[in-house]
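Visitor: What follows is the file run-v3.cif, containing mmCIF, C-alpha atoms:
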data_upload
#
loop_
_atom_site.label_atom_id
_atom_site.label_comp_id
_atom_site.auth_asym_id
_atom_site.auth_seq_id
_atom_site.Cartn_x
_atom_site.Cartn_y
_atom_site.Cartn_z
CA MET A 1 -15.66 25.28 -74.91
CA ALA A 2 -16.49 23.66 -78.27
CA PHE A 3 -20.24 23.54 -77.72
CA PHE A 4 -20.37 27.32 -77.18
CA THR A 5 -18.43 28.15 -80.35
CA SER A 6 -19.76 25.52 -82.78
CA LEU A 7 -23.31 26.75 -83.35
CA LYS A 8 -23.60 24.91 -86.65
CA GLN A 9 -23.11 21.45 -85.12
CA THR A 10 -25.71 18.79 -85.81
CA PRO A 11 -28.20 18.00 -82.97
CA SER A 12 -26.56 14.62 -82.28
CA LEU A 13 -23.08 16.18 -82.12
CA ARG A 14 -24.33 18.91 -79.78
CA ARG A 15 -25.83 16.29 -77.43
CA ALA A 16 -22.53 14.41 -77.32
CA THR A 17 -20.65 17.62 -76.62
CA LEU A 18 -23.02 18.56 -73.76
CA ALA A 19 -22.68 15.10 -72.21
CA ALA A 20 -18.89 15.34 -72.29
CA ALA A 21 -19.02 18.78 -70.67
CA ALA A 22 -21.33 17.55 -67.89
CA PHE A 23 -19.02 14.59 -67.13
CA THR A 24 -16.05 16.96 -66.95
CA PHE A 25 -17.94 19.20 -64.47
CA ILE A 26 -18.90 16.27 -62.17
CA LEU A 27 -15.34 14.92 -62.19
CA ALA A 28 -13.96 18.33 -61.20
CA GLY A 29 -16.43 18.58 -58.31
CA ALA A 30 -15.49 15.16 -56.97
CA LYS A 31 -11.85 16.26 -56.68
CA SER A 32 -12.76 19.33 -54.65
CA PRO A 33 -11.97 19.10 -50.88
CA VAL A 34 -14.92 18.61 -48.54
CA LYS A 35 -15.12 21.19 -45.78
CA ALA A 36 -15.72 20.15 -42.16
CA ALA A 37 -18.82 22.33 -42.10
CA ASP A 38 -20.35 20.21 -44.87
CA ILE A 39 -20.51 17.09 -42.66
CA SER A 40 -20.72 18.51 -39.14
CA SER A 41 -24.48 18.28 -38.99
CA THR A 42 -24.75 14.72 -40.24
CA SER A 43 -21.61 13.06 -38.91
CA SER A 44 -22.21 10.01 -36.72
CA LEU A 45 -18.58 9.04 -36.13
CA PRO A 46 -17.88 7.81 -32.54
CA LYS A 47 -15.86 10.06 -30.27
CA MET A 48 -12.33 8.97 -29.50
CA ALA A 49 -11.76 7.74 -25.93
CA SER A 50 -9.42 9.69 -23.69
CA PRO A 51 -5.86 8.36 -24.06
CA VAL A 52 -5.41 8.30 -20.29
CA GLN A 53 -8.03 6.53 -18.17
CA ARG A 54 -7.85 6.96 -14.41
CA MET A 55 -7.15 3.64 -12.71
CA ALA A 56 -9.16 2.72 -9.63
CA GLU A 57 -7.07 2.82 -6.44
CA THR A 58 -6.27 -0.56 -4.92
CA PHE A 59 -6.61 -0.89 -1.15
CA ARG A 60 -4.40 -3.60 0.33
CA LEU A 61 -3.60 -4.65 3.89
CA ARG A 62 -0.69 -6.75 5.13
CA MET A 63 -0.96 -8.07 8.69
CA ARG A 64 0.49 -10.60 11.11
CA HIS A 65 -1.52 -11.94 14.05
CA LEU A 66 0.63 -12.17 17.16
CA HIS A 67 -1.56 -14.88 18.77
CA THR A 68 -2.26 -17.21 15.87
CA GLY A 69 0.97 -16.62 13.95
CA GLU A 70 -1.04 -16.20 10.74
CA THR A 71 -0.23 -13.59 8.11
CA ILE A 72 -2.45 -12.03 5.47
CA ASN A 73 -1.83 -9.97 2.35
CA VAL A 74 -5.17 -9.08 0.79
CA VAL A 75 -6.89 -6.53 -1.43
CA TYR A 76 -10.15 -5.59 0.27
CA ARG A 77 -11.27 -2.67 -1.90
CA GLU A 78 -10.99 -1.40 -5.49
CA GLY A 79 -11.87 2.26 -5.90
CA ASP A 80 -15.22 2.75 -4.16
CA THR A 81 -16.12 -0.94 -4.21
CA TYR A 82 -15.35 -3.30 -1.33
CA ASP A 83 -14.19 -6.77 -2.35
CA GLN A 84 -16.45 -9.17 -0.44
CA GLN A 85 -13.98 -12.04 -0.67
CA GLY A 86 -11.22 -9.84 0.70
CA ILE A 87 -13.48 -8.62 3.52
CA ALA A 88 -14.39 -12.22 4.39
CA LYS A 89 -10.71 -13.15 4.63
CA LEU A 90 -10.05 -10.23 6.96
CA ASN A 91 -13.05 -11.13 9.14
CA HIS A 92 -11.71 -14.64 9.60
CA PHE A 93 -8.15 -13.44 10.16
CA LEU A 94 -9.33 -11.06 12.92
CA ARG A 95 -11.49 -13.68 14.65
CA ASP A 96 -11.51 -14.08 18.43
CA HIS A 97 -8.44 -16.27 18.88
CA ARG A 98 -9.82 -17.65 22.17
CA THR A 99 -13.18 -18.86 20.88
CA MET A 100 -12.44 -18.90 17.12
CA ASP A 101 -15.64 -16.93 16.45
CA ASP A 102 -15.72 -14.72 13.35
CA ALA A 103 -17.51 -11.40 13.08
CA ASP A 104 -18.44 -8.95 10.34
CA TYR A 105 -16.07 -6.01 10.68
CA ASP A 106 -17.08 -2.48 9.79
CA PRO A 107 -15.11 -1.90 6.53
CA LYS A 108 -14.29 1.61 7.71
CA GLU A 109 -11.93 0.02 10.22
CA PHE A 110 -9.91 -1.37 7.33
CA ASP A 111 -9.92 2.04 5.66
CA LEU A 112 -8.59 3.49 8.91
CA LEU A 113 -5.69 1.02 8.93
CA HIS A 114 -4.94 1.71 5.27
CA LYS A 115 -4.86 5.49 5.83
CA LEU A 116 -2.81 5.06 9.00
CA MET A 117 -0.09 3.14 7.17
CA ALA A 118 -0.03 5.78 4.45
CA ARG A 119 0.27 8.50 7.10
CA LEU A 120 3.24 6.65 8.60
CA GLY A 121 4.92 6.50 5.19
CA LYS A 122 4.58 2.70 5.14
CA PRO A 123 1.79 2.01 2.62
CA ASN A 124 3.15 -1.49 2.00
CA GLY A 125 4.18 -2.15 5.59
CA GLU A 126 2.95 -4.96 7.81
CA ILE A 127 0.72 -4.42 10.86
CA ASP A 128 1.07 -6.59 13.97
CA ILE A 129 -2.35 -7.51 15.36
CA VAL A 130 -2.49 -7.67 19.15
CA CYS A 131 -6.26 -8.07 19.35
CA GLY A 132 -9.08 -8.09 16.80
CA TYR A 133 -12.64 -9.17 17.43
CA ARG A 134 -13.69 -10.16 20.96
CA THR A 135 -16.77 -12.10 21.97
CA PRO A 136 -18.49 -10.84 25.13
CA GLN A 137 -17.01 -13.85 26.95
CA SER A 138 -13.45 -12.95 25.95
CA ASN A 139 -14.01 -9.30 26.78
CA ASN A 140 -15.31 -10.17 30.23
CA TYR A 141 -12.37 -12.52 30.81
CA LEU A 142 -9.90 -9.73 30.05
CA ARG A 143 -11.75 -7.31 32.33
CA THR A 144 -11.60 -9.68 35.32
CA ARG A 145 -7.91 -10.58 35.16
CA ALA A 146 -6.99 -7.65 37.42
CA ALA A 147 -8.56 -4.83 39.40
CA VAL A 148 -7.65 -2.34 36.69
CA THR A 149 -7.22 -3.64 33.16
CA GLY A 150 -8.08 -0.80 30.78
CA VAL A 151 -10.61 -3.03 29.04
CA ALA A 152 -13.95 -1.32 28.40
CA GLN A 153 -17.14 -3.05 29.48
CA HIS A 154 -18.83 -2.15 26.20
CA SER A 155 -15.72 -2.44 24.07
CA GLN A 156 -15.74 -1.56 20.37
CA HIS A 157 -13.91 -4.87 19.91
CA MET A 158 -17.21 -6.66 20.55
CA LEU A 159 -18.84 -4.54 17.83
CA SER A 160 -16.16 -5.47 15.27
CA LYS A 161 -15.06 -1.86 15.07
CA ALA A 162 -11.72 -1.94 16.91
CA ILE A 163 -8.23 -3.44 16.57
CA ASP A 164 -5.18 -3.22 18.84
CA ILE A 165 -2.03 -2.88 16.76
CA ARG A 166 1.70 -2.37 16.58
CA VAL A 167 3.73 -1.43 13.51
CA PRO A 168 7.30 -2.77 13.34
CA GLY A 169 9.84 0.05 13.26
CA VAL A 170 7.37 2.62 14.59
CA SER A 171 7.27 3.63 18.24
CA THR A 172 4.02 3.31 20.16
CA LEU A 173 3.96 7.08 20.68
CA ALA A 174 4.48 7.84 16.99
CA LEU A 175 1.76 5.31 16.11
CA ARG A 176 -0.63 6.94 18.59
CA ASN A 177 0.08 10.43 17.20
CA ALA A 178 -0.47 9.31 13.62
CA ALA A 179 -3.78 7.67 14.55
CA LEU A 180 -4.92 10.83 16.36
CA SER A 181 -4.10 12.95 13.32
CA LEU A 182 -6.64 11.01 11.25
CA GLY A 183 -9.57 11.90 13.52
CA MET A 184 -11.48 8.80 12.38
CA GLY A 185 -12.51 7.36 15.76
CA GLY A 186 -11.18 6.30 19.13
CA VAL A 187 -7.46 6.04 19.88
CA GLY A 188 -6.16 4.31 23.01
CA TYR A 189 -2.51 4.60 24.01
CA TYR A 190 -1.00 1.67 25.95
CA PRO A 191 2.71 2.48 26.38
CA VAL A 192 3.44 -0.32 28.87
CA SER A 193 1.90 -3.06 26.72
CA GLN A 194 3.23 -1.23 23.66
CA PHE A 195 0.19 -1.15 21.43
CA VAL A 196 -2.37 1.33 20.17
CA HIS A 197 -6.11 0.76 20.04
CA VAL A 198 -7.84 2.19 16.96
CA ASP A 199 -11.58 2.04 16.34
CA VAL A 200 -14.23 3.69 14.18
CA GLY A 201 -16.53 4.55 17.06
CA PRO A 202 -16.92 8.12 18.41
CA VAL A 203 -13.81 10.30 18.16
CA ARG A 204 -12.03 10.23 21.53
CA GLN A 205 -8.68 9.34 23.11
CA TRP A 206 -7.30 7.85 26.30
CA SER A 207 -4.13 6.41 27.82
CA PHE A 208 -3.62 3.45 30.10
CA GLY A 209 -0.51 2.79 32.15
CA GLY A 210 2.73 4.67 31.82
CA ALA A 211 4.01 7.41 34.07
CA SER A 212 1.24 7.27 36.62
CA GLU A 213 -1.09 4.51 37.75
CA ARG A 214 -3.55 7.21 38.80
CA THR A 215 -3.55 8.59 35.25
CA GLY A 216 -4.17 5.07 33.99
CA ARG A 217 -7.18 4.61 36.29
CA LYS A 218 -8.66 7.91 35.13
CA ALA A 219 -8.10 6.96 31.51
CA SER A 220 -9.70 3.59 32.11
CA ARG A 221 -12.82 5.24 33.58
CA ARG A 222 -13.03 7.58 30.56
CA HIS A 223 -12.71 4.59 28.28
CA ARG A 224 -15.54 2.72 29.99
CA ALA A 225 -17.70 5.83 29.78
#
Using structure tokens, write down the structure that the file contains.
Guide:
Amino acid sequence: MAFFTSLKQTPSLRRATLAAAAFTFILAGAKSPVKAADISSTSSLPKMASPVQRMAETFRLRMRHLHTGETINVVYREGDTYDQQGIAKLNHFLRDHRTMDDADYDPKEFDLLHKLMARLGKPNGEIDIVCGYRTPQSNNYLRTRAAVTGVAQHSQHMLSKAIDIRVPGVSTLALRNAALSLGMGGVGYYPVSQFVHVDVGPVRQWSFGGASERTGRKASRRHRA
């Protein structure tokens, strides 16, 4: 450069030359690329969110009550969170249709119904409700209508943990088998009345009616036990 070769320059000219050289050096450095390693230790840039976020599963039930004629289509759960408004609607829908008393259902009973419909390949199908909640008065009334009724003295219906159901287009036997495959509680098979009892009490099974009245009586005793 000029300032290295012009040794006889005046002091003021040398200072100007040095200043120009320094400016040229800084400008060249600014155009140099910055390596990732130079900022890795001080970077505070936010991390990018994942492009795909997992959506919470929606749990919905569609039902028709055979005694009241009412229908319901309600979301009762989102992911791991139960929707209290949806649960309240189901509690009222499943009320004792004789006394009109509501009860607080065990939400696991709704999960059982949801899984059962998925097992049947009808996740959006409608469930016919034969019986939901029963007050002790209604339960006793059903037990005293005949010598053998198949109604348990300490029924899970009174605990808001049981529902008697049918599913249109599905045989009672196929419905019973699907419920048994879940292993989520009690399953009662009523082929004459054509419904299946499902509850979230202890895992067990029984049948009432059908090929043999004797078999039905035995099943009824097991149910009461």
Visitor: What would the selection look like, as a list in words, if the PyMOL selection byres ((chain A and resi 79) around 9) were run on the coordinates I just shared?
Guide: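 Given this file, the PyMOL selection byres ((chain A and resi 79) around 9) evaluates to Met55, Ala56, Glu57, Thr58, Phe59, Arg77, Glu78, Asp80, Thr81 and Tyr82 of chain A.
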Visitor: Could you turn the residues from that selection into a file that holds C-alpha atoms, as a PDB file, in the coordinates of the input?
Guide:
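And here is the file that came out, part-v7.pdb:
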ATOM      1  CA  MET A  55      -7.150   3.640 -12.710  1.00  0.00           C
ATOM      2  CA  ALA A  56      -9.160   2.720  -9.630  1.00  0.00           C
ATOM      3  CA  GLU A  57      -7.070   2.820  -6.440  1.00  0.00           C
ATOM      4  CA  THR A  58      -6.270  -0.560  -4.920  1.00  0.00           C
ATOM      5  CA  PHE A  59      -6.610  -0.890  -1.150  1.00  0.00           C
ATOM      6  CA  ARG A  77     -11.270  -2.670  -1.900  1.00  0.00           C
ATOM      7  CA  GLU A  78     -10.990  -1.400  -5.490  1.00  0.00           C
ATOM      8  CA  ASP A  80     -15.220   2.750  -4.160  1.00  0.00           C
ATOM      9  CA  THR A  81     -16.120  -0.940  -4.210  1.00  0.00           C
ATOM     10  CA  TYR A  82     -15.350  -3.300  -1.330  1.00  0.00           C
TER      11      TYR A  82
END
Visitor: Could you tell me which residues the PyMOL selection byres ((chain A and resi 92) around 12) grabs in this file, written as a PyMOL selection string?
Guide: chain A and resi 65+68+70-72+85-91+93-97+100-105+132-133+160
Visitor: Work out how far apart CA of Lys161 in chain A and CA of Ser193 in chain A are and give it in Å to one decimal.
Guide: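 About the pair CA of Lys161 in chain A and CA of Ser193 in chain A: they are 20.6 Å apart.
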Visitor: Using the chain letters and residue numbers of this document, give as a PyMOL selection string the residues selected by the PyMOL selection byres ((chain A and resi 118-131) around 7).
Guide: chain A and resi 62-66+114-117+132-133+163-167+178
Visitor: Name all residues at most 9 Å from Gly188 in chain A (count only C-alpha atoms; drop same-chain ones fewer than 4 positions away) and give them as a ChimeraX atom specification.
Guide: /A:164,176,195-199,204-208,223
Visitor: Work out how far apart CA of Tyr189 in chain A and CA of Phe110 in chain A are and give it in Å to one decimal.
Guide: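 Straight-line distance from CA of Tyr189 in chain A to CA of Phe110 in chain A works out to 19.2 Å.
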Visitor: Could you check how far CA of Thr135 in chain A sits from CA of His67 in chain A, in Å to one decimal?
Guide: 15.8 Å
Visitor: From the list A:Val203, A:Ala162, A:Val74, A:Val151, which residue is nearest Gly185 in chain A when using only C-alpha atoms?
Guide: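 The closest residue to Gly185 in chain A is A:Val203.
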